[in-house]
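Engineer: One structure coming up, written as C-alpha coordinates, with questions to follow.
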Protein chains: 2
Amino acid sequence: MKIEVISDLRESNELVAKKNREIFDQMGAFVTNLMSGPGAGKTSLLERTLEKLRNGYSIAIIEGDIAGTFDAERLAKFDLPIVQINTRGACHLDANMVYQAVSKLPSKKFDFVIVENVGNLVCPAEFVIGEDAKVMILSTAEGDDKPKKYPLMFLESKLCLINKIDLLQAVDFDVARAKNDIREINPKIDIIEISCKTGQGLDAWIEWLKAHIKK
Amino acid sequence: MKIEVISDLRESNELVAKKNREIFDQMGAFVTNLMSGPGAGKTSLLERTLEKLRNGYSIAIIEGDIAGTFDAERLAKFDLPIVQINTRGACHLDANMVYQAVSKLPSKKFDFVIVENVGNLVCPAEFVIGEDAKVMILSTAEGDDKPKKYPLMFLESKLCLINKIDLLQAVDFDVARAKNDIREINPKIDIIEISCKTGQGLDAWIEWLKAHIKK
(Lines give C-alpha, C1' and ligand atoms only; values in the text may rest on other atoms or scores of the structure.)
Protein backbone atom coordinates (compact mmCIF):
# COMPACT_ATOMS: atom_id res chain seq x y z
CA MET A 1 0.00 0.00 0.00
CA LYS A 2 1.34 3.37 -1.02
CA ILE A 3 0.96 6.01 1.63
CA GLU A 4 0.27 9.43 0.15
CA VAL A 5 1.93 12.25 2.03
CA ILE A 6 0.72 15.76 1.49
CA SER A 7 3.83 17.59 2.50
CA ASP A 8 3.02 20.96 1.11
CA LEU A 9 0.18 23.29 2.02
CA ARG A 10 0.13 24.52 -1.56
CA GLU A 11 -0.34 20.96 -2.82
CA SER A 12 -3.14 20.33 -0.34
CA ASN A 13 -4.79 23.55 -1.50
CA GLU A 14 -4.61 22.40 -5.12
CA LEU A 15 -6.40 19.16 -4.29
CA VAL A 16 -9.36 21.07 -2.83
CA ALA A 17 -9.27 23.54 -5.73
CA LYS A 18 -9.81 20.57 -8.07
CA LYS A 19 -12.92 19.59 -6.11
CA ASN A 20 -14.20 23.16 -6.44
CA ARG A 21 -13.45 23.01 -10.15
CA GLU A 22 -15.63 19.91 -10.52
CA ILE A 23 -18.51 21.61 -8.73
CA PHE A 24 -18.15 24.77 -10.83
CA ASP A 25 -18.11 22.60 -13.97
CA GLN A 26 -21.36 20.95 -12.90
CA MET A 27 -22.82 24.43 -12.48
CA GLY A 28 -21.55 25.31 -15.95
CA ALA A 29 -20.09 28.50 -14.50
CA PHE A 30 -17.23 30.73 -15.62
CA VAL A 31 -15.51 31.53 -12.33
CA THR A 32 -13.42 34.64 -11.73
CA ASN A 33 -11.21 35.16 -8.71
CA LEU A 34 -11.31 38.96 -8.29
CA MET A 35 -8.26 40.37 -6.53
CA SER A 36 -6.74 43.78 -5.68
CA GLY A 37 -5.27 45.83 -2.87
CA PRO A 38 -7.71 47.34 -0.35
CA GLY A 39 -10.04 49.92 -1.83
CA ALA A 40 -9.04 49.51 -5.47
CA GLY A 41 -12.70 48.96 -6.39
CA LYS A 42 -13.60 45.25 -6.30
CA THR A 43 -17.04 45.72 -4.75
CA SER A 44 -17.78 48.80 -6.87
CA LEU A 45 -16.95 46.74 -9.97
CA LEU A 46 -19.33 44.03 -8.80
CA GLU A 47 -22.09 46.62 -8.31
CA ARG A 48 -21.62 47.99 -11.82
CA THR A 49 -21.36 44.48 -13.28
CA LEU A 50 -24.51 43.20 -11.60
CA GLU A 51 -26.46 46.28 -12.71
CA LYS A 52 -25.59 45.42 -16.30
CA LEU A 53 -25.81 41.59 -16.26
CA ARG A 54 -28.29 40.49 -13.62
CA ASN A 55 -31.24 40.51 -16.01
CA GLY A 56 -29.77 38.27 -18.67
CA TYR A 57 -27.46 35.98 -16.75
CA SER A 58 -27.52 33.67 -13.77
CA ILE A 59 -24.86 34.89 -11.35
CA ALA A 60 -23.62 33.93 -7.88
CA ILE A 61 -21.24 35.87 -5.66
CA ILE A 62 -18.78 34.64 -3.04
CA GLU A 63 -17.51 37.47 -0.83
CA GLY A 64 -14.22 37.15 1.05
CA ASP A 65 -13.55 39.46 3.97
CA ILE A 66 -11.44 39.27 7.09
CA ALA A 67 -14.42 40.23 9.22
CA GLY A 68 -18.00 41.41 8.81
CA THR A 69 -20.46 41.33 5.94
CA PHE A 70 -19.97 44.88 4.65
CA ASP A 71 -19.47 44.02 0.98
CA ALA A 72 -22.21 41.38 0.91
CA GLU A 73 -24.60 44.00 2.35
CA ARG A 74 -23.67 46.40 -0.48
CA LEU A 75 -24.65 43.69 -2.98
CA ALA A 76 -27.80 42.45 -1.20
CA LYS A 77 -29.97 44.81 -3.27
CA PHE A 78 -29.38 42.65 -6.34
CA ASP A 79 -31.17 39.71 -4.72
CA LEU A 80 -28.68 37.14 -6.02
CA PRO A 81 -27.15 34.17 -4.21
CA ILE A 82 -24.30 35.62 -2.10
CA VAL A 83 -22.18 33.68 0.35
CA GLN A 84 -19.89 35.59 2.72
CA ILE A 85 -16.62 34.03 3.83
CA ASN A 86 -14.97 35.49 6.93
CA THR A 87 -11.31 34.51 6.93
CA ARG A 88 -10.91 35.41 10.64
CA GLY A 89 -7.64 37.22 10.15
CA ALA A 90 -6.28 35.37 7.12
CA CYS A 91 -5.19 37.74 4.36
CA HIS A 92 -6.42 35.67 1.40
CA LEU A 93 -8.96 33.05 0.36
CA ASP A 94 -7.84 29.46 -0.02
CA ALA A 95 -9.56 26.60 -1.81
CA ASN A 96 -11.02 25.14 1.36
CA MET A 97 -12.75 28.38 2.35
CA VAL A 98 -14.24 28.56 -1.14
CA TYR A 99 -15.29 24.89 -0.90
CA GLN A 100 -17.25 25.68 2.26
CA ALA A 101 -18.90 28.61 0.50
CA VAL A 102 -19.72 26.72 -2.71
CA SER A 103 -21.63 24.11 -0.72
CA LYS A 104 -23.95 26.88 0.46
CA LEU A 105 -24.88 28.02 -3.07
CA PRO A 106 -28.14 26.74 -4.58
CA SER A 107 -27.45 23.64 -6.72
CA LYS A 108 -28.43 25.03 -10.10
CA LYS A 109 -26.78 26.28 -13.27
CA PHE A 110 -24.86 29.55 -13.14
CA ASP A 111 -23.33 31.54 -16.00
CA PHE A 112 -20.84 33.35 -13.76
CA VAL A 113 -19.57 32.88 -10.26
CA ILE A 114 -17.54 35.85 -9.08
CA VAL A 115 -15.35 35.37 -6.03
CA GLU A 116 -14.24 38.63 -4.40
CA ASN A 117 -10.99 37.98 -2.58
CA VAL A 118 -9.63 39.78 0.49
CA GLY A 119 -8.14 43.20 -0.31
CA ASN A 120 -4.45 42.34 -0.63
CA LEU A 121 -2.07 42.73 -3.56
CA VAL A 122 0.21 39.92 -2.36
CA CYS A 123 -1.04 36.59 -0.98
CA PRO A 124 -4.33 35.97 -2.83
CA ALA A 125 -2.32 35.43 -6.02
CA GLU A 126 -0.55 32.45 -4.42
CA PHE A 127 -3.66 30.33 -3.92
CA VAL A 128 -5.76 28.68 -6.62
CA ILE A 129 -9.40 28.24 -5.62
CA GLY A 130 -10.68 26.37 -8.68
CA GLU A 131 -11.25 29.50 -10.75
CA ASP A 132 -11.17 29.84 -14.54
CA ALA A 133 -9.46 33.20 -14.40
CA LYS A 134 -7.82 35.50 -11.91
CA VAL A 135 -8.93 39.07 -12.61
CA MET A 136 -7.12 41.87 -10.82
CA ILE A 137 -7.74 45.56 -10.32
CA LEU A 138 -4.99 48.17 -10.08
CA SER A 139 -6.20 51.59 -8.97
CA THR A 140 -4.55 54.68 -10.43
CA ALA A 141 -4.43 56.09 -6.87
CA GLU A 142 -2.04 53.28 -5.92
CA GLY A 143 0.64 54.50 -8.32
CA ASP A 144 2.18 53.23 -11.54
CA ASP A 145 5.09 51.58 -9.74
CA LYS A 146 2.96 48.74 -8.36
CA PRO A 147 3.40 46.14 -11.15
CA LYS A 148 7.14 45.89 -10.59
CA LYS A 149 6.73 45.92 -6.81
CA TYR A 150 4.00 43.25 -6.65
CA PRO A 151 4.72 41.19 -9.77
CA LEU A 152 3.11 37.85 -8.85
CA MET A 153 -0.48 39.08 -9.03
CA PHE A 154 0.13 40.60 -12.47
CA LEU A 155 1.84 37.38 -13.58
CA GLU A 156 -1.04 35.17 -12.43
CA SER A 157 -3.91 37.29 -13.78
CA LYS A 158 -5.66 36.81 -17.10
CA LEU A 159 -7.03 40.37 -17.01
CA CYS A 160 -5.88 43.55 -15.31
CA LEU A 161 -8.47 46.30 -14.92
CA ILE A 162 -6.89 49.72 -14.36
CA ASN A 163 -9.60 51.40 -12.27
CA LYS A 164 -10.17 55.01 -11.16
CA ILE A 165 -9.14 56.31 -14.57
CA ASP A 166 -11.28 59.36 -13.63
CA LEU A 167 -8.59 60.30 -11.08
CA LEU A 168 -5.80 60.65 -13.66
CA GLN A 169 -5.81 64.44 -13.37
CA ALA A 170 -5.44 64.28 -9.58
CA VAL A 171 -2.88 61.51 -9.12
CA ASP A 172 0.57 60.71 -10.51
CA PHE A 173 -0.05 57.68 -12.69
CA ASP A 174 1.53 57.12 -16.09
CA VAL A 175 -0.82 54.69 -17.87
CA ALA A 176 1.72 53.89 -20.60
CA ARG A 177 4.43 53.09 -18.03
CA ALA A 178 2.05 50.88 -16.04
CA LYS A 179 0.93 48.97 -19.14
CA ASN A 180 4.50 48.45 -20.30
CA ASP A 181 5.54 47.13 -16.90
CA ILE A 182 2.48 44.86 -16.67
CA ARG A 183 3.13 43.38 -20.12
CA GLU A 184 6.80 42.92 -19.31
CA ILE A 185 5.74 40.73 -16.38
CA ASN A 186 2.94 38.97 -18.28
CA PRO A 187 2.90 39.39 -22.08
CA LYS A 188 -0.42 37.50 -22.42
CA ILE A 189 -2.46 39.60 -19.99
CA ASP A 190 -5.49 41.60 -21.13
CA ILE A 191 -5.66 45.18 -19.85
CA ILE A 192 -8.77 47.37 -19.76
CA GLU A 193 -8.92 50.93 -18.39
CA ILE A 194 -12.11 51.57 -16.42
CA SER A 195 -13.81 53.92 -14.01
CA CYS A 196 -16.47 52.39 -11.79
CA LYS A 197 -17.44 55.99 -10.97
CA THR A 198 -18.00 57.42 -14.47
CA GLY A 199 -18.65 54.10 -16.24
CA GLN A 200 -15.74 54.54 -18.66
CA GLY A 201 -14.51 51.24 -20.05
CA LEU A 202 -17.13 49.10 -18.32
CA ASP A 203 -18.66 47.96 -21.62
CA ALA A 204 -15.29 46.48 -22.60
CA TRP A 205 -15.12 44.62 -19.27
CA ILE A 206 -18.67 43.28 -19.74
CA GLU A 207 -17.78 42.13 -23.27
CA TRP A 208 -14.69 40.38 -21.90
CA LEU A 209 -16.83 38.59 -19.31
CA LYS A 210 -19.55 37.62 -21.81
CA ALA A 211 -16.94 36.23 -24.21
CA HIS A 212 -15.93 33.74 -21.47
CA ILE A 213 -19.40 32.31 -20.75
CA LYS A 214 -19.62 28.57 -21.35
CA LYS A 215 -22.77 28.40 -23.43
CA MET B 1 17.74 20.39 32.32
CA LYS B 2 14.65 22.17 31.14
CA ILE B 3 14.10 21.96 27.43
CA GLU B 4 12.56 25.11 26.00
CA VAL B 5 10.07 24.48 23.24
CA ILE B 6 9.09 27.32 20.98
CA SER B 7 5.77 26.03 19.76
CA ASP B 8 4.39 29.16 18.28
CA LEU B 9 5.81 31.18 15.40
CA ARG B 10 4.44 34.33 16.98
CA GLU B 11 6.32 33.58 20.20
CA SER B 12 9.53 32.95 18.30
CA ASN B 13 9.04 36.25 16.49
CA GLU B 14 8.65 38.05 19.81
CA LEU B 15 11.96 36.69 21.08
CA VAL B 16 13.80 38.14 18.08
CA ALA B 17 11.84 41.40 18.39
CA LYS B 18 13.24 41.74 21.93
CA LYS B 19 16.77 41.40 20.55
CA ASN B 20 15.98 44.13 18.02
CA ARG B 21 14.60 46.27 20.84
CA GLU B 22 17.89 45.97 22.76
CA ILE B 23 19.85 47.07 19.70
CA PHE B 24 17.50 50.00 19.05
CA ASP B 25 17.84 51.01 22.73
CA GLN B 26 21.61 51.02 22.37
CA MET B 27 21.19 53.29 19.36
CA GLY B 28 18.90 55.52 21.43
CA ALA B 29 16.43 55.46 18.55
CA PHE B 30 12.68 55.96 18.41
CA VAL B 31 11.58 53.25 15.98
CA THR B 32 8.42 53.42 13.91
CA ASN B 33 7.00 50.50 11.95
CA LEU B 34 5.28 52.25 9.03
CA MET B 35 2.42 50.25 7.53
CA SER B 36 -0.34 50.68 4.93
CA GLY B 37 -1.97 49.07 1.93
CA PRO B 38 -0.12 49.34 -1.41
CA GLY B 39 0.19 52.88 -2.71
CA ALA B 40 -1.24 54.69 0.31
CA GLY B 41 1.88 56.85 0.50
CA LYS B 42 4.51 55.31 2.79
CA THR B 43 7.48 56.19 0.61
CA SER B 44 6.09 59.64 -0.22
CA LEU B 45 5.72 60.28 3.51
CA LEU B 46 9.33 59.24 4.05
CA GLU B 47 10.47 61.63 1.30
CA ARG B 48 8.60 64.56 2.89
CA THR B 49 9.80 63.58 6.37
CA LEU B 50 13.45 63.31 5.39
CA GLU B 51 13.29 66.68 3.58
CA LYS B 52 12.20 68.27 6.86
CA LEU B 53 14.28 66.36 9.41
CA ARG B 54 17.49 65.19 7.79
CA ASN B 55 19.41 68.33 8.75
CA GLY B 56 18.68 68.25 12.47
CA TYR B 57 18.37 64.59 13.26
CA SER B 58 20.23 61.36 12.79
CA ILE B 59 17.95 59.00 10.89
CA ALA B 60 18.19 55.48 9.44
CA ILE B 61 15.72 53.77 7.13
CA ILE B 62 14.88 50.09 6.73
CA GLU B 63 12.90 49.40 3.54
CA GLY B 64 10.74 46.30 3.23
CA ASP B 65 9.67 45.15 -0.23
CA ILE B 66 8.72 41.85 -1.78
CA ALA B 67 11.21 42.37 -4.56
CA GLY B 68 13.53 45.04 -5.92
CA THR B 69 14.97 48.22 -4.46
CA PHE B 70 12.50 50.73 -5.91
CA ASP B 71 11.67 52.54 -2.66
CA ALA B 72 15.24 52.57 -1.43
CA GLU B 73 16.28 54.15 -4.75
CA ARG B 74 13.67 56.90 -4.26
CA LEU B 75 15.26 57.69 -0.89
CA ALA B 76 18.92 57.37 -1.96
CA LYS B 77 19.11 61.14 -2.68
CA PHE B 78 19.00 61.84 1.05
CA ASP B 79 22.32 60.06 1.57
CA LEU B 80 21.24 58.39 4.81
CA PRO B 81 21.85 54.82 5.98
CA ILE B 82 19.23 52.71 4.17
CA VAL B 83 18.97 48.94 4.30
CA GLN B 84 16.65 47.17 1.86
CA ILE B 85 14.94 43.94 2.92
CA ASN B 86 13.52 41.73 0.16
CA THR B 87 10.94 39.41 1.66
CA ARG B 88 11.00 37.13 -1.42
CA GLY B 89 7.24 36.78 -1.60
CA ALA B 90 6.34 37.20 2.07
CA CYS B 91 3.65 39.82 2.57
CA HIS B 92 5.03 41.37 5.77
CA LEU B 93 8.22 42.01 7.71
CA ASP B 94 8.98 39.84 10.70
CA ALA B 95 11.45 40.43 13.52
CA ASN B 96 14.11 38.19 12.03
CA MET B 97 14.17 40.07 8.71
CA VAL B 98 14.54 43.32 10.66
CA TYR B 99 17.30 41.76 12.78
CA GLN B 100 19.26 40.96 9.63
CA ALA B 101 18.78 44.54 8.44
CA VAL B 102 19.69 46.19 11.75
CA SER B 103 23.02 44.39 11.79
CA LYS B 104 23.86 46.18 8.53
CA LEU B 105 23.27 49.68 9.96
CA PRO B 106 26.30 51.68 11.15
CA SER B 107 26.79 51.19 14.90
CA LYS B 108 26.14 54.77 16.05
CA LYS B 109 23.41 56.78 17.74
CA PHE B 110 20.20 57.44 15.81
CA ASP B 111 17.29 59.69 16.74
CA PHE B 112 14.82 57.85 14.51
CA VAL B 113 14.78 54.55 12.72
CA ILE B 114 11.87 54.28 10.31
CA VAL B 115 10.97 50.82 9.04
CA GLU B 116 8.78 50.85 5.92
CA ASN B 117 6.79 47.63 5.86
CA VAL B 118 5.45 45.77 2.80
CA GLY B 119 2.31 47.38 1.34
CA ASN B 120 -0.43 45.30 2.97
CA LEU B 121 -3.27 46.35 5.26
CA VAL B 122 -3.50 42.92 6.90
CA CYS B 123 -0.48 40.84 7.95
CA PRO B 124 2.16 43.43 8.91
CA ALA B 125 0.02 44.35 11.94
CA GLU B 126 0.39 40.81 13.31
CA PHE B 127 4.18 40.91 13.71
CA VAL B 128 6.14 42.94 16.24
CA ILE B 129 9.62 43.84 15.03
CA GLY B 130 10.94 45.62 18.16
CA GLU B 131 9.38 48.96 17.26
CA ASP B 132 8.30 51.73 19.65
CA ALA B 133 5.22 52.54 17.61
CA LYS B 134 3.28 51.20 14.69
CA VAL B 135 2.27 54.10 12.45
CA MET B 136 -0.24 53.44 9.69
CA ILE B 137 -1.46 55.32 6.65
CA LEU B 138 -5.01 55.15 5.31
CA SER B 139 -5.46 56.79 1.91
CA THR B 140 -8.72 58.57 1.15
CA ALA B 141 -8.71 56.81 -2.23
CA GLU B 142 -9.08 53.48 -0.41
CA GLY B 143 -12.48 54.43 1.01
CA ASP B 144 -13.87 55.24 4.46
CA ASP B 145 -15.07 51.66 5.01
CA LYS B 146 -11.57 50.29 5.52
CA PRO B 147 -11.26 50.66 9.34
CA LYS B 148 -14.15 48.26 9.98
CA LYS B 149 -12.95 45.87 7.28
CA TYR B 150 -9.30 45.74 8.39
CA PRO B 151 -9.58 46.45 12.12
CA LEU B 152 -6.36 44.86 13.43
CA MET B 153 -4.01 47.42 11.90
CA PHE B 154 -6.05 50.29 13.35
CA LEU B 155 -6.13 48.51 16.72
CA GLU B 156 -2.36 48.00 16.81
CA SER B 157 -1.32 51.46 15.63
CA LYS B 158 -0.37 54.39 17.83
CA LEU B 159 -0.97 56.87 15.01
CA CYS B 160 -3.13 56.78 11.89
CA LEU B 161 -2.26 59.25 9.14
CA ILE B 162 -5.16 59.86 6.74
CA ASN B 163 -3.25 60.66 3.54
CA LYS B 164 -4.33 62.06 0.15
CA ILE B 165 -6.62 64.58 1.82
CA ASP B 166 -6.15 66.60 -1.40
CA LEU B 167 -8.29 63.99 -3.21
CA LEU B 168 -11.38 64.55 -1.03
CA GLN B 169 -13.19 66.35 -3.86
CA ALA B 170 -12.57 63.46 -6.26
CA VAL B 171 -13.23 60.40 -4.08
CA ASP B 172 -16.03 59.24 -1.79
CA PHE B 173 -14.49 59.47 1.66
CA ASP B 174 -16.30 60.74 4.74
CA VAL B 175 -13.52 61.87 7.10
CA ALA B 176 -15.86 62.06 10.11
CA ARG B 177 -17.14 58.53 9.52
CA ALA B 178 -13.62 57.17 9.13
CA LYS B 179 -12.42 58.88 12.32
CA ASN B 180 -15.41 57.62 14.28
CA ASP B 181 -14.85 54.07 13.10
CA ILE B 182 -11.11 54.24 13.81
CA ARG B 183 -11.69 55.54 17.36
CA GLU B 184 -14.34 52.90 17.95
CA ILE B 185 -11.70 50.25 17.21
CA ASN B 186 -8.91 52.05 19.09
CA PRO B 187 -9.95 54.91 21.40
CA LYS B 188 -6.29 55.82 22.18
CA ILE B 189 -5.08 56.24 18.61
CA ASP B 190 -3.81 59.59 17.34
CA ILE B 191 -5.17 60.66 13.93
CA ILE B 192 -3.64 63.28 11.65
CA GLU B 193 -4.98 64.27 8.21
CA ILE B 194 -2.19 64.85 5.70
CA SER B 195 -1.40 65.26 2.04
CA CYS B 196 2.09 64.26 0.97
CA LYS B 197 1.31 66.07 -2.30
CA THR B 198 0.26 69.53 -1.00
CA GLY B 199 2.04 69.31 2.37
CA GLN B 200 -1.15 69.77 4.38
CA GLY B 201 -0.85 68.38 7.89
CA LEU B 202 2.80 67.37 7.60
CA ASP B 203 3.90 69.82 10.31
CA ALA B 204 1.60 68.03 12.75
CA TRP B 205 3.16 64.68 11.78
CA ILE B 206 6.68 66.09 12.24
CA GLU B 207 5.71 67.47 15.66
CA TRP B 208 4.31 64.06 16.62
CA LEU B 209 7.57 62.42 15.60
CA LYS B 210 9.77 64.99 17.38
CA ALA B 211 7.73 64.60 20.57
CA HIS B 212 8.75 60.94 20.66
CA ILE B 213 12.51 61.41 20.36
CA LYS B 214 14.43 59.97 23.29
CA LYS B 215 16.66 62.91 24.14
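In the C-alpha coordinates, chains take the letters A, B, ... in the order shown, each chain's residues start at 1, and ligands count up from 1 in the order shown.
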If we count only C-alpha atoms and set the cut-off at 10 Å, which residues sit around range 54-64 of chain A, ignoring sequence neighbours fewer than 4 positions away in its own chain? Please answer as a count of residues only.

Structural biologist: 50

Engineer: Near chain B, meaning an atom within 9 Å, which residues of chain A appear when counting only C-alpha atoms? Write them as a PyMOL selection string.

Structural biologist: chain A and resi 37-41+65-70+89-91+119-123+139+141-143+145-146+148-152+166-167+170-171

Engineer: Run DSSP on the backbone and grab whatever in range 15-172 of chain B lands in strand (DSSP E or B); send it over as an NGL selection string.

Structural biologist: :B and (30-36 or 59-65 or 82-86 or 112-116 or 133-139 or 159-163)

Engineer: Pick the closest to Glu47 in chain B from B:Leu9, B:Lys18, B:Glu73, B:Arg183: which is it, counting only C-alpha atoms?

Structural biologist: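 Closest candidate: B:Glu73.
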
Engineer: Write out as a PyMOL selection string all residues of chain A that backbone DSSP assigns to alpha helix (DSSP H).

Structural biologist: chain A and resi 9-27+42-53+70-75+95-102+146-149+151-156+175-185+202-211

Engineer: Hey, what's within 9 Å of Asp181 in chain A if we count only C-alpha atoms and toss same-chain stuff fewer than 3 positions away? As a list in words, please?

Structural biologist: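 Close residues of Asp181 in chain A: Asp144, Asp145, Pro147, Lys148, Ala176, Arg177, Ala178, Glu184, Ile185 and Asn186 of chain A.
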
Engineer: May I have the residues within 9 Å of Arg10 in chain A as a PyMOL selection string, using only C-alpha atoms and disregarding those fewer than 5 positions away in the same chain?

Structural biologist: chain A and resi 15+126-128
